[in-house]
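Have a look at my_file.txt below; it lists compact mmCIF, C-alpha atoms.
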# COMPACT_ATOMS: atom_id res chain seq x y z
CA MET A 1 123.78 92.51 92.88
CA ALA A 2 121.53 91.83 95.85
CA LEU A 3 123.05 91.48 99.28
CA ARG A 4 122.04 88.56 101.41
CA SER A 5 119.61 89.43 104.13
CA ASP A 6 121.85 88.32 106.97
CA TYR A 7 125.37 87.20 107.77
CA GLU A 8 124.74 83.48 107.75
CA GLY A 9 128.26 82.41 106.80
CA GLN A 10 129.80 84.24 109.76
CA THR A 11 130.51 82.21 112.91
CA CYS A 12 130.83 85.28 115.02
CA SER A 13 128.95 86.94 117.82
CA LEU A 14 129.41 90.27 116.06
CA ALA A 15 127.57 88.98 113.01
CA ARG A 16 124.74 87.72 115.22
CA SER A 17 124.63 91.04 117.07
CA LEU A 18 124.40 92.92 113.79
CA GLU A 19 121.48 90.74 112.71
CA VAL A 20 119.66 92.10 115.77
CA VAL A 21 120.79 95.73 115.99
CA GLY A 22 122.43 96.35 112.61
CA GLU A 23 119.30 97.47 110.76
CA ARG A 24 119.21 101.12 109.82
CA TRP A 25 117.72 103.22 112.66
CA THR A 26 117.64 100.41 115.21
CA LEU A 27 120.50 101.70 117.37
CA LEU A 28 119.01 105.21 117.25
CA ILE A 29 115.69 103.85 118.51
CA ILE A 30 117.58 102.09 121.32
CA ARG A 31 119.42 105.36 122.09
CA ASP A 32 116.07 107.17 122.44
CA LEU A 33 114.79 104.45 124.77
CA PHE A 34 117.91 104.96 126.94
CA PHE A 35 117.17 108.69 126.88
CA GLY A 36 113.66 108.02 128.25
CA VAL A 37 111.58 108.47 125.11
CA ARG A 38 109.12 105.58 125.45
CA ARG A 39 106.04 106.32 123.37
CA PHE A 40 105.45 105.83 119.69
CA THR A 41 104.64 109.37 118.57
CA PRO A 42 107.48 111.10 120.45
CA LEU A 43 109.89 108.44 119.14
CA GLN A 44 108.61 108.96 115.63
CA GLU A 45 108.87 112.75 115.84
CA ASN A 46 112.30 112.75 117.44
CA LEU A 47 113.74 110.25 114.96
CA ASP A 48 111.80 111.76 112.07
CA ILE A 49 111.29 108.42 110.36
CA PRO A 50 108.22 106.92 108.69
CA ARG A 51 105.75 105.41 111.15
CA ALA A 52 105.83 102.09 109.30
CA VAL A 53 109.62 101.86 109.70
CA LEU A 54 109.50 102.67 113.41
CA SER A 55 106.69 100.19 113.92
CA ALA A 56 108.57 97.42 112.12
CA ARG A 57 111.78 98.08 114.06
CA LEU A 58 110.00 98.15 117.43
CA THR A 59 108.17 94.92 116.63
CA ALA A 60 111.48 93.28 115.74
CA LEU A 61 113.09 94.55 118.96
CA VAL A 62 110.19 93.17 121.01
CA GLY A 63 110.41 89.87 119.13
CA ARG A 64 114.15 89.58 119.82
CA GLY A 65 113.65 90.34 123.52
CA LEU A 66 115.46 93.70 123.66
CA VAL A 67 112.31 95.74 124.28
CA GLU A 68 109.14 95.14 126.24
CA ARG A 69 105.76 96.57 125.30
CA ARG A 70 103.81 97.95 128.30
CA PRO A 71 100.30 99.37 128.13
CA TYR A 72 100.01 102.84 129.70
CA ARG A 73 96.34 103.26 128.80
CA PRO A 74 93.89 101.08 126.90
CA GLY A 75 95.16 100.55 123.38
CA ARG A 76 98.41 102.49 123.94
CA ASP A 77 101.79 100.96 124.66
CA GLU A 78 105.09 102.25 125.94
CA PHE A 79 108.38 100.63 124.91
CA VAL A 80 110.89 99.83 127.63
CA LEU A 81 114.34 98.24 127.34
CA THR A 82 114.64 94.76 128.83
CA GLU A 83 117.77 93.54 130.62
CA CYS A 84 119.08 92.33 127.26
CA GLY A 85 118.48 95.78 125.71
CA LEU A 86 119.98 97.58 128.70
CA GLU A 87 123.19 95.60 128.24
CA LEU A 88 123.75 97.51 125.00
CA TRP A 89 124.60 100.67 126.98
CA PRO A 90 128.39 100.12 126.69
CA VAL A 91 128.02 99.77 122.91
CA VAL A 92 125.83 102.88 122.59
CA VAL A 93 128.00 105.06 124.82
CA SER A 94 131.26 103.88 123.18
CA LEU A 95 129.91 104.57 119.71
CA MET A 96 128.74 108.05 120.77
CA GLY A 97 132.15 108.81 122.30
CA TRP A 98 133.93 107.63 119.18
CA GLY A 99 131.70 109.81 116.99
CA ASP A 100 132.36 112.81 119.24
CA ARG A 101 136.11 112.37 119.01
CA HIS A 102 136.32 111.82 115.28
CA PHE A 103 133.28 113.14 113.46
CA ALA A 104 131.75 115.94 115.53
CA GLY A 105 133.03 118.66 113.18
CA ALA A 106 135.38 121.53 113.97
CA GLY A 107 134.98 122.75 117.54
CA ALA A 108 131.70 120.96 117.98
CA GLY A 109 132.50 118.26 120.52
CA ALA A 110 129.90 116.16 122.28
CA PRO A 111 126.36 117.59 122.26
CA ARG A 112 125.59 115.81 125.55
CA VAL A 113 127.51 115.05 128.71
CA PHE A 114 126.92 111.99 130.89
CA SER A 115 127.74 111.90 134.59
CA HIS A 116 127.62 109.36 137.41
CA VAL A 117 124.64 110.09 139.67
CA ALA A 118 126.35 108.71 142.79
CA CYS A 119 129.32 111.10 142.70
CA GLY A 120 128.50 113.73 140.05
CA THR A 121 131.65 112.99 138.02
CA ASP A 122 131.48 113.24 134.24
CA LEU A 123 131.98 109.87 132.53
CA THR A 124 134.75 109.18 130.04
CA PRO A 125 133.70 108.63 126.40
CA SER A 126 133.54 104.89 127.05
CA GLY A 127 131.11 105.41 129.95
CA HIS A 128 133.65 104.89 132.75
CA CYS A 129 133.49 106.88 136.01
CA PRO A 130 137.10 107.81 136.79
CA ALA A 131 136.29 108.82 140.38
CA CYS A 132 134.66 105.52 141.32
CA ALA A 133 136.64 103.31 138.90
CA THR A 134 133.41 101.72 137.72
CA ASP A 135 131.20 101.60 134.63
CA PRO A 136 127.86 102.82 135.99
CA PRO A 137 124.75 101.09 134.61
CA PRO A 138 122.47 103.44 132.64
CA GLU A 139 120.04 103.96 135.52
CA GLN A 140 122.95 105.52 137.44
CA VAL A 141 123.79 107.94 134.63
CA GLU A 142 122.56 111.51 134.25
CA MET A 143 122.55 113.36 130.93
CA ARG A 144 122.79 117.12 130.35
CA PRO A 145 123.46 119.34 127.32
CA ALA A 146 127.12 120.20 126.80
CA ARG A 147 126.23 123.75 125.75
CA PRO A 148 123.07 124.86 127.56
CA GLY A 149 121.14 127.42 125.55
CA ALA A 150 122.77 126.40 122.26
CA PRO A 151 120.26 126.41 119.41
CA GLY A 152 118.59 123.13 118.63
CA ARG A 153 115.38 121.59 117.42
CA GLU A 154 112.36 123.09 119.14
CA ASP A 155 109.92 120.17 119.19
CA ALA A 156 108.75 118.99 122.61
CA VAL A 157 110.96 115.89 122.72
CA SER A 158 114.12 117.73 121.69
CA ARG A 159 113.47 120.38 124.34
CA ALA A 160 112.82 117.72 126.99
CA LEU A 161 116.03 115.89 126.05
CA ARG A 162 118.00 119.11 126.59
CA ARG A 163 116.95 119.22 130.24
CA ARG A 164 119.20 117.54 132.77
CA HIS A 165 117.69 114.13 133.54
CA ARG A 166 118.53 110.60 134.47
CA LEU A 167 118.71 107.97 131.72
CA LEU A 168 115.69 105.66 131.36
CA GLU A 169 113.40 108.02 133.30
CA PRO A 170 110.48 108.94 131.04
CA VAL A 171 111.00 112.39 129.54
CA ALA A 172 108.07 114.77 130.01
CA THR A 173 106.71 115.70 126.60
CA MET B 1 108.81 104.36 100.99
CA ALA B 2 112.48 105.14 100.52
CA LEU B 3 114.65 105.73 103.57
CA ARG B 4 116.90 108.72 103.60
CA SER B 5 120.51 107.88 102.97
CA ASP B 6 121.72 109.23 106.30
CA TYR B 7 120.59 110.52 109.66
CA GLU B 8 120.80 114.24 108.90
CA GLY B 9 118.14 115.36 111.38
CA GLN B 10 119.93 113.76 114.31
CA THR B 11 122.21 115.98 116.41
CA CYS B 12 123.93 113.03 117.93
CA SER B 13 127.33 111.47 117.85
CA LEU B 14 125.70 108.06 117.52
CA ALA B 15 123.98 109.12 114.30
CA ARG B 16 127.29 110.40 112.95
CA SER B 17 129.04 107.19 113.97
CA LEU B 18 126.39 105.13 112.19
CA GLU B 19 126.89 107.15 109.02
CA VAL B 20 130.49 105.92 109.11
CA VAL B 21 130.20 102.33 110.37
CA GLY B 22 126.48 101.57 110.08
CA GLU B 23 126.53 100.25 106.52
CA ARG B 24 125.90 96.57 106.16
CA TRP B 25 129.15 94.57 106.46
CA THR B 26 131.30 97.51 107.53
CA LEU B 27 131.75 96.41 111.16
CA LEU B 28 132.49 92.86 110.01
CA ILE B 29 135.23 94.19 107.73
CA ILE B 30 136.62 96.15 110.68
CA ARG B 31 136.45 93.00 112.82
CA ASP B 32 138.51 91.10 110.24
CA LEU B 33 141.08 93.91 110.17
CA PHE B 34 141.37 93.61 113.98
CA PHE B 35 141.81 89.86 113.52
CA GLY B 36 144.76 90.50 111.18
CA VAL B 37 143.14 89.81 107.81
CA ARG B 38 144.60 92.64 105.71
CA ARG B 39 144.41 91.69 102.05
CA PHE B 40 141.55 91.96 99.65
CA THR B 41 141.10 88.34 98.56
CA PRO B 42 141.33 86.81 102.06
CA LEU B 43 138.88 89.46 103.32
CA GLN B 44 136.53 88.71 100.46
CA GLU B 45 136.72 84.96 100.98
CA ASN B 46 136.32 85.15 104.75
CA LEU B 47 133.37 87.54 104.59
CA ASP B 48 131.96 85.83 101.52
CA ILE B 49 130.63 89.05 100.04
CA PRO B 50 130.73 90.35 96.47
CA ARG B 51 134.06 91.92 95.51
CA ALA B 52 132.33 95.15 94.47
CA VAL B 53 130.72 95.52 97.91
CA LEU B 54 133.99 94.91 99.75
CA SER B 55 135.79 97.31 97.44
CA ALA B 56 133.18 100.05 97.99
CA ARG B 57 133.22 99.59 101.79
CA LEU B 58 137.03 99.65 101.97
CA THR B 59 137.18 102.77 99.81
CA ALA B 60 134.68 104.47 102.11
CA LEU B 61 136.65 103.42 105.22
CA VAL B 62 139.86 104.81 103.69
CA GLY B 63 138.03 108.03 102.74
CA ARG B 64 136.71 108.46 106.29
CA GLY B 65 140.15 107.90 107.79
CA LEU B 66 139.47 104.59 109.59
CA VAL B 67 141.66 102.49 107.32
CA GLU B 68 144.95 103.09 105.55
CA ARG B 69 145.92 101.51 102.25
CA ARG B 70 149.54 100.24 102.19
CA PRO B 71 151.22 98.71 99.14
CA TYR B 72 152.83 95.35 99.86
CA ARG B 73 153.93 94.76 96.30
CA PRO B 74 153.48 96.72 93.09
CA GLY B 75 149.80 97.12 92.38
CA ARG B 76 148.69 95.31 95.55
CA ASP B 77 147.54 96.99 98.76
CA GLU B 78 146.98 95.87 102.32
CA PHE B 79 144.37 97.53 104.52
CA VAL B 80 145.39 98.55 108.03
CA LEU B 81 143.34 100.23 110.75
CA THR B 82 144.35 103.81 111.58
CA GLU B 83 144.26 105.21 115.11
CA CYS B 84 140.66 106.28 114.47
CA GLY B 85 139.73 102.76 113.36
CA LEU B 86 141.60 101.14 116.26
CA GLU B 87 139.49 103.19 118.67
CA LEU B 88 136.49 101.11 117.60
CA TRP B 89 137.87 98.11 119.51
CA PRO B 90 135.65 98.76 122.60
CA VAL B 91 132.58 98.89 120.34
CA VAL B 92 133.52 95.71 118.47
CA VAL B 93 134.41 93.72 121.59
CA SER B 94 131.29 94.91 123.49
CA LEU B 95 129.02 94.00 120.61
CA MET B 96 130.64 90.55 120.32
CA GLY B 97 130.23 89.98 124.07
CA TRP B 98 126.60 91.04 123.96
CA GLY B 99 125.92 88.68 121.05
CA ASP B 100 127.62 85.82 122.91
CA ARG B 101 125.49 86.37 126.00
CA HIS B 102 122.16 86.71 124.24
CA PHE B 103 122.22 85.20 120.78
CA ALA B 104 124.85 82.48 120.68
CA GLY B 105 122.27 79.68 120.73
CA ALA B 106 121.83 76.94 123.30
CA GLY B 107 125.14 75.88 124.81
CA ALA B 108 127.14 77.58 122.11
CA GLY B 109 128.82 80.43 123.96
CA ALA B 110 131.60 82.54 122.52
CA PRO B 111 133.43 81.00 119.56
CA ARG B 112 136.59 82.93 120.46
CA VAL B 113 138.30 83.93 123.69
CA PHE B 114 140.37 87.07 124.13
CA SER B 115 143.13 87.39 126.71
CA HIS B 116 145.54 90.07 127.89
CA VAL B 117 149.02 89.38 126.53
CA ALA B 118 150.78 90.98 129.52
CA CYS B 119 149.27 88.69 132.16
CA GLY B 120 147.49 85.90 130.23
CA THR B 121 144.12 86.61 131.88
CA ASP B 122 140.96 86.16 129.81
CA LEU B 123 139.13 89.43 129.19
CA THR B 124 135.55 90.09 130.26
CA PRO B 125 132.97 90.40 127.47
CA SER B 126 133.50 94.17 127.46
CA GLY B 127 137.24 93.73 126.89
CA HIS B 128 138.32 94.46 130.46
CA CYS B 129 141.25 92.66 132.10
CA PRO B 130 140.12 91.88 135.65
CA ALA B 131 143.65 91.04 136.83
CA CYS B 132 145.20 94.34 135.73
CA ALA B 133 142.02 96.48 136.08
CA THR B 134 142.62 97.89 132.62
CA ASP B 135 141.07 97.80 129.14
CA PRO B 136 143.99 96.54 127.03
CA PRO B 137 144.35 98.08 123.58
CA PRO B 138 143.89 95.57 120.73
CA GLU B 139 147.62 95.15 120.12
CA GLN B 140 147.83 93.77 123.69
CA VAL B 141 145.07 91.22 123.11
CA GLU B 142 145.47 87.59 122.05
CA MET B 143 142.70 85.58 120.46
CA ARG B 144 142.18 81.79 120.56
CA PRO B 145 139.32 79.43 119.72
CA ALA B 146 137.01 78.64 122.65
CA ARG B 147 136.69 75.01 121.54
CA PRO B 148 139.90 73.91 119.81
CA GLY B 149 139.24 71.20 117.27
CA ALA B 150 135.55 72.09 116.92
CA PRO B 151 134.37 71.85 113.32
CA GLY B 152 134.45 75.06 111.32
CA ARG B 153 135.01 76.42 107.88
CA GLU B 154 138.07 74.92 106.23
CA ASP B 155 139.26 77.75 104.00
CA ALA B 156 142.77 79.08 104.68
CA VAL B 157 141.63 82.25 106.47
CA SER B 158 139.19 80.45 108.77
CA ARG B 159 141.88 77.94 109.68
CA ALA B 160 144.41 80.73 110.34
CA LEU B 161 141.90 82.58 112.51
CA ARG B 162 141.46 79.47 114.66
CA ARG B 163 145.14 79.53 115.59
CA ARG B 164 146.12 81.41 118.74
CA HIS B 165 147.44 84.80 117.66
CA ARG B 166 147.70 88.42 118.65
CA LEU B 167 145.16 90.88 117.28
CA LEU B 168 146.31 93.07 114.36
CA GLU B 169 149.22 90.75 113.52
CA PRO B 170 148.82 89.63 109.91
CA VAL B 171 147.38 86.12 109.77
CA ALA B 172 149.34 83.68 107.63
CA THR B 173 147.12 82.49 104.78
I need this file expressed as structure tokens, please.
Amino acid sequence: MALRSDYEGQTCSLARSLEVVGERWTLLIIRDLFFGVRRFTPLQENLDIPRAVLSARLTALVGRGLVERRPYRPGRDEFVLTECGLELWPVVVSLMGWGDRHFAGAGAGAPRVFSHVACGTDLTPSGHCPACATDPPPEQVEMRPARPGAPGREDAVSRALRRRHRLLEPVAT
Amino acid sequence: MALRSDYEGQTCSLARSLEVVGERWTLLIIRDLFFGVRRFTPLQENLDIPRAVLSARLTALVGRGLVERRPYRPGRDEFVLTECGLELWPVVVSLMGWGDRHFAGAGAGAPRVFSHVACGTDLTPSGHCPACATDPPPEQVEMRPARPGAPGREDAVSRALRRRHRLLEPVAT
């Protein structure tokens, strides 16, 4: 039996949110944009999805106002989160923290640690800074690998994402 | 081109979380469990999805440890969130708040308001109680319609969900 293509019967903000970000891969694309991966080919290689799928998802995100397309040289665009997209940070960080606590596998724990740039304190799994009693916006968050030197994928983007860097700043690839 | 069935190349807690809750309808089922809808037929009627889909999603949620099956009479089970499932509340409330702010439609706003039982203060869209400076757990949250008397669906579950009640408490249907 075919599923309907959206959640039209549901008078709920969650249903509307899922129409926008509930497609397969969409939240992972948004995660990579938070991590500073902004260009099509690095996104495609890091996510390892078909180009047509990535292209369709990015076009939808631009159309819904979560992502802005910015030319960086003639004929080439970068993809940058808008204010609306940036406001998904609490959702992304909470869902990562929940996955770490419950589904990381024995002894694995979080692969990445987030800290508050202003004070250097590691954030809680819901993105809260216990030292400052605030939820820092993503541009005030730094990311580093939990286990430096641990084996991982060796493509340029994966290596760049294992270096300590501030969220949203373009990763060097 | 077929998509892979999971996100196996992604060393990320978000990818793992999406394997568990990223299936279509799954977060809406979890939302209804937070709202106190616990039984199969009310869930099916409120979500308006095929019985086979609801059954498959609930079985997966039980298998992953997010939901517990509890008999309420011979041959009939209720579905109750486990501790692991309850920890999704920040994700669910943040995603609802984000949808309200950006996709509710002109003048619509949030259909539901959440407040902190202990002090009666309305929560922020990320589920924070500004009066107590705390994020109340769902069992300490009360839900009420934002516009009492506004037209809505008239089935028993929808009507019950429009009455002021505490999250997780079984809705009378």
message: Please report the interatomic distance between atom CA of B:Leu28 and atom CA of B:Leu47 in Å with one decimal.
response: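 Atom-to-atom, atom CA of B:Leu28 to atom CA of B:Leu47, that is 7.6 Å.
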- request: In the coordinate frame of the file, compute which residues have an atom within 7 Å of (114.3, 115.6, 119.0) when using all atoms listed in the file, and state them as a PyMOL selection string.
  value: chain A and resi 45-47+153+155+157-158
Interface residues on chain A facing chain B, 9 Å, only C-alpha atoms, written as a PyMOL selection string: chain A and resi 1+3-4+7+9-18+20+22-25+27-28+31+46-50+53+84+87-88+90-104+109-112+126+152-153
message: Neighbouring residues of A:Leu81 were defined as those with any atom within 12 Å, considering all atoms listed in the file; residues of the same chain fewer than 2 positions away were excluded. Please report them as number ranges by chain.
response: A: 29-38, 58, 61-62, 64-70, 78-79, 83-89, 138-139, 167-170
Store the residues picked out above, limited to C-alpha atoms, as a PDB file, in the coordinates of the input.
ATOM      1  CA  ILE A  29     115.690 103.850 118.510  1.00  0.00           C
ATOM      2  CA  ILE A  30     117.580 102.090 121.320  1.00  0.00           C
ATOM      3  CA  ARG A  31     119.420 105.360 122.090  1.00  0.00           C
ATOM      4  CA  ASP A  32     116.070 107.170 122.440  1.00  0.00           C
ATOM      5  CA  LEU A  33     114.790 104.450 124.770  1.00  0.00           C
ATOM      6  CA  PHE A  34     117.910 104.960 126.940  1.00  0.00           C
ATOM      7  CA  PHE A  35     117.170 108.690 126.880  1.00  0.00           C
ATOM      8  CA  GLY A  36     113.660 108.020 128.250  1.00  0.00           C
ATOM      9  CA  VAL A  37     111.580 108.470 125.110  1.00  0.00           C
ATOM     10  CA  ARG A  38     109.120 105.580 125.450  1.00  0.00           C
ATOM     11  CA  LEU A  58     110.000  98.150 117.430  1.00  0.00           C
ATOM     12  CA  LEU A  61     113.090  94.550 118.960  1.00  0.00           C
ATOM     13  CA  VAL A  62     110.190  93.170 121.010  1.00  0.00           C
ATOM     14  CA  ARG A  64     114.150  89.580 119.820  1.00  0.00           C
ATOM     15  CA  GLY A  65     113.650  90.340 123.520  1.00  0.00           C
ATOM     16  CA  LEU A  66     115.460  93.700 123.660  1.00  0.00           C
ATOM     17  CA  VAL A  67     112.310  95.740 124.280  1.00  0.00           C
ATOM     18  CA  GLU A  68     109.140  95.140 126.240  1.00  0.00           C
ATOM     19  CA  ARG A  69     105.760  96.570 125.300  1.00  0.00           C
ATOM     20  CA  ARG A  70     103.810  97.950 128.300  1.00  0.00           C
ATOM     21  CA  GLU A  78     105.090 102.250 125.940  1.00  0.00           C
ATOM     22  CA  PHE A  79     108.380 100.630 124.910  1.00  0.00           C
ATOM     23  CA  GLU A  83     117.770  93.540 130.620  1.00  0.00           C
ATOM     24  CA  CYS A  84     119.080  92.330 127.260  1.00  0.00           C
ATOM     25  CA  GLY A  85     118.480  95.780 125.710  1.00  0.00           C
ATOM     26  CA  LEU A  86     119.980  97.580 128.700  1.00  0.00           C
ATOM     27  CA  GLU A  87     123.190  95.600 128.240  1.00  0.00           C
ATOM     28  CA  LEU A  88     123.750  97.510 125.000  1.00  0.00           C
ATOM     29  CA  TRP A  89     124.600 100.670 126.980  1.00  0.00           C
ATOM     30  CA  PRO A 138     122.470 103.440 132.640  1.00  0.00           C
ATOM     31  CA  GLU A 139     120.040 103.960 135.520  1.00  0.00           C
ATOM     32  CA  LEU A 167     118.710 107.970 131.720  1.00  0.00           C
ATOM     33  CA  LEU A 168     115.690 105.660 131.360  1.00  0.00           C
ATOM     34  CA  GLU A 169     113.400 108.020 133.300  1.00  0.00           C
ATOM     35  CA  PRO A 170     110.480 108.940 131.040  1.00  0.00           C
TER      36      PRO A 170
END
task: For B:Gln140, please output as a PyMOL selection string all residues within 8 Å (counting only C-alpha atoms; exclusion window: fewer than 6 positions along the same chain).
output: chain B and resi 116-118+166-167
message: If we draw a sphere of 10 Å around (144.6, 79.2, 116.6), which residues have at least one atom in it when counting all atoms listed in the file? Please report them as a ChimeraX atom specification.
response: /B:112,143-146,148-149,158-166
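For the atom pair formed by atom CA of B:Thr121 and atom CA of B:Val171, the distance is 22.4 Å, given to one decimal.
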field: atom CA of A:Thr124 to atom CA of A:Thr82, distance in Å rounded to a single decimal
entry: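 Result for atom CA of A:Thr124 versus atom CA of A:Thr82: 24.8 Å, one decimal.
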Long-range neighbours of B:Gly120 as an MDAnalysis selection string, 10 Å cut-off, all atoms listed in the file, 6 positions minimum in chain: chainID B and resid 114 129 131 141:142
